[in-house]
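*Asks:* Let me begin by handing over the structure; questions about it come next.
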Amino acid sequence: MILYFIACAIIAFIVAVVLTNLLIPRLMRAGMVGKDENKLGNPEVAEMGGLAIVAGFSAGLLLAIFFSSFFSLEFNLVYILAALITIHTIAFIGIVDDLLSIPQWMKAILPLFAAVPLIAVKAAGSTAIALPLLGVVDFGVIYIIVLVPLAIAVCSNLTNMLAGFNGLEGGMGAVMFAAMAVVAAGTGSSEMLILSLSMLGALLGFLVFNIFPAKVFPGDVGTLTIGVVLASTVIIGNLESAGVILMLPYIVEFFLKAINRFPHTHQEIRSGGRLYPKDGKVRGLVHVVMKAFGGLTERNLVYFFLALESVFAFIVLALYLRV
């Protein structure tokens, strides 16, 4: 049985690698590029590589559906299809934003409507949330009409804020979904395992081209998708509190940016490629880390955040698996 799940991760990885490789030159020719602001000369890099993440993830889910139809893999197909509709809707919003740059307020509101498929399936299922140390708490109708849409909207937007460094978005996402895959395997949730492993495979495939020095950026289609897949995964598995723990670095980033009225987090590049907050002003969590270390190279900055996310991943494992 476990081989079916592993196969979903493998096909997601392969599709993401192949498609990213095909997309990079085509995106460059189409002018879909972004400037790598954390390198001297601000070289242009292909943008919207997150399309490959969406495709790889979708391929993993479609393979799982194939295994369910023709072999012995058992899971709740309705939950998976509802999640897929919600995720593709958010991905479409990301594509439109990459192409047309839609207003921030619209990016905050539209995901609320994307949550409708998950609201529908949760209305017919459990409205309880498993809270560490407290047990299961039933939120009733509030869970359906408030918490589910908020989770989709908040998660998709938060993962779009802590971004902009080679390998950061995909790397932190990979850590989160690796943790959720372990939790899913330990708790016996096939739906969570399919979603987590498919996304993990897609992110690892994308990271082949996104790690320092990046040949492609995820774009909003990539960052928004990472958040909505995490939200969908924990909603289906009734482990929303695990999602909150994994999102803590993003939550801190949100409040730091909110205090500064959501500015762009510019950096200065000095000797040795070390990054410092522009004008010494802290505008986000990355700037806090830069100042704490007296400047960091982009590669080491990303390593720090991967290590930080790993700490929260281990906390989730300890709380939900009692390791």
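Order determines the names: the first chain of the structure tokens is A, the second B, and so forth; residues in each chain are numbered 1 upward, and ligands are numbered 1 upward as they are shown.
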Where in range 8-92 of chain A does DSSP assign alpha helix (DSSP H), given as a PyMOL selection string?
*Replies:* chain A and resi 8-29+50-70+77-92
*Asks:* Got a sec to tell me which of range 96-186 of chain A DSSP assigns to strand (DSSP E or B), as a ChimeraX atom specification?
*Replies:* /A:128-131,135-138
*Asks:* Emit the selected residues as a CSV table (one decimal), in the first residue's frame, including N, CA and C atoms.
*Replies:*
chain,number,residue,atom,x,y,z
A,128,ALA,N,-14.8,19.4,14.0
A,128,ALA,CA,-14.0,19.4,15.1
A,128,ALA,C,-12.5,19.6,14.7
A,129,ILE,N,-11.7,20.1,15.6
A,129,ILE,CA,-10.3,20.3,15.4
A,129,ILE,C,-9.5,19.7,16.5
A,130,ALA,N,-8.5,18.9,16.1
A,130,ALA,CA,-7.7,18.3,17.1
A,130,ALA,C,-6.6,19.3,17.6
A,131,LEU,N,-6.7,19.6,18.9
A,131,LEU,CA,-5.8,20.6,19.5
A,131,LEU,C,-4.8,19.8,20.4
A,135,GLY,N,-7.1,18.0,23.2
A,135,GLY,CA,-7.9,17.1,22.6
A,135,GLY,C,-8.7,17.6,21.5
A,136,VAL,N,-9.9,17.0,21.2
A,136,VAL,CA,-10.7,17.4,20.0
A,136,VAL,C,-11.8,18.4,20.5
A,137,VAL,N,-11.9,19.6,19.8
A,137,VAL,CA,-12.8,20.6,20.1
A,137,VAL,C,-13.8,20.8,18.9
A,138,ASP,N,-15.1,20.7,19.1
A,138,ASP,CA,-16.0,20.9,18.0
A,138,ASP,C,-16.5,22.3,18.0
*Asks:* Which residues, written as a VMD selection string, have at least one atom at most 8 Å from range 204-207 of chain A, with only C-alpha atoms counted and residues fewer than 4 positions away on the same chain left out?
*Replies:* chain A and resid 12 to 17 20 49 to 50 52 to 53 167 170 to 171 174 200 211
*Asks:* Write out as an mmCIF file with N, CA and C atoms, in the first residue's frame the residues lying within 8 Å of Gly222 in chain A, counting only C-alpha atoms and excluding same-chain residues fewer than 2 positions away.
*Replies:*
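As written to disk, selection-v2.cif reads:
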data_model
loop_
_atom_site.group_PDB
_atom_site.id
_atom_site.type_symbol
_atom_site.label_atom_id
_atom_site.label_comp_id
_atom_site.auth_asym_id
_atom_site.auth_seq_id
_atom_site.Cartn_x
_atom_site.Cartn_y
_atom_site.Cartn_z
ATOM 1 N N MET A 48 7.169 32.715 -12.679
ATOM 2 C CA MET A 48 5.987 31.846 -12.841
ATOM 3 C C MET A 48 6.352 30.369 -12.931
ATOM 4 N N GLY A 49 7.506 29.978 -12.376
ATOM 5 C CA GLY A 49 7.868 28.570 -12.361
ATOM 6 C C GLY A 49 6.943 27.736 -11.501
ATOM 7 N N GLY A 50 6.139 28.407 -10.670
ATOM 8 C CA GLY A 50 5.179 27.693 -9.837
ATOM 9 C C GLY A 50 4.169 26.903 -10.636
ATOM 10 N N LEU A 51 4.046 27.206 -11.932
ATOM 11 C CA LEU A 51 3.173 26.404 -12.790
ATOM 12 C C LEU A 51 3.588 24.934 -12.754
ATOM 13 N N ILE A 53 5.017 23.462 -10.217
ATOM 14 C CA ILE A 53 4.631 22.930 -8.908
ATOM 15 C C ILE A 53 3.176 22.458 -8.960
ATOM 16 N N VAL A 54 2.316 23.299 -9.526
ATOM 17 C CA VAL A 54 0.895 22.953 -9.640
ATOM 18 C C VAL A 54 0.717 21.702 -10.487
ATOM 19 N N ALA A 91 -4.528 28.694 -7.485
ATOM 20 C CA ALA A 91 -3.437 28.742 -8.466
ATOM 21 C C ALA A 91 -3.798 29.674 -9.613
ATOM 22 N N GLY A 94 -3.261 33.121 -8.606
ATOM 23 C CA GLY A 94 -1.837 33.413 -8.659
ATOM 24 C C GLY A 94 -1.361 33.706 -10.070
ATOM 25 N N PRO A 218 9.239 30.993 -8.286
ATOM 26 C CA PRO A 218 7.901 30.375 -8.278
ATOM 27 C C PRO A 218 6.792 31.309 -8.721
ATOM 28 N N GLY A 219 6.967 32.624 -8.490
ATOM 29 C CA GLY A 219 5.884 33.560 -8.772
ATOM 30 C C GLY A 219 4.755 33.387 -7.779
ATOM 31 N N ASP A 220 3.745 34.229 -7.888
ATOM 32 C CA ASP A 220 2.603 34.121 -6.976
ATOM 33 C C ASP A 220 1.854 32.817 -7.170
ATOM 34 N N LEU A 224 1.303 31.101 -3.565
ATOM 35 C CA LEU A 224 -0.090 30.943 -3.132
ATOM 36 C C LEU A 224 -0.482 29.470 -3.064
ATOM 37 N N THR A 225 0.018 28.686 -4.022
ATOM 38 C CA THR A 225 -0.319 27.261 -4.046
ATOM 39 C C THR A 225 0.247 26.525 -2.841
ATOM 40 N N ILE A 226 1.455 26.860 -2.430
ATOM 41 C CA ILE A 226 2.045 26.218 -1.250
ATOM 42 C C ILE A 226 1.143 26.409 -0.034
#
*Asks:* Between A:Ile251, A:Val289, A:Met1, A:Val33, which has the minimum distance to Leu162 in chain A (counting only C-alpha atoms)?
*Replies:*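 Ranked by minimum distance to Leu162 in chain A, first place goes to A:Ile251.
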*Asks:* Which is closer to Asn38 in chain A than all the others in A:Val148, A:Ala214, A:Leu81, A:Ala120, using only C-alpha atoms?
*Replies:*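 Checking each candidate against Asn38 in chain A, we get A:Ala214 as the closest.
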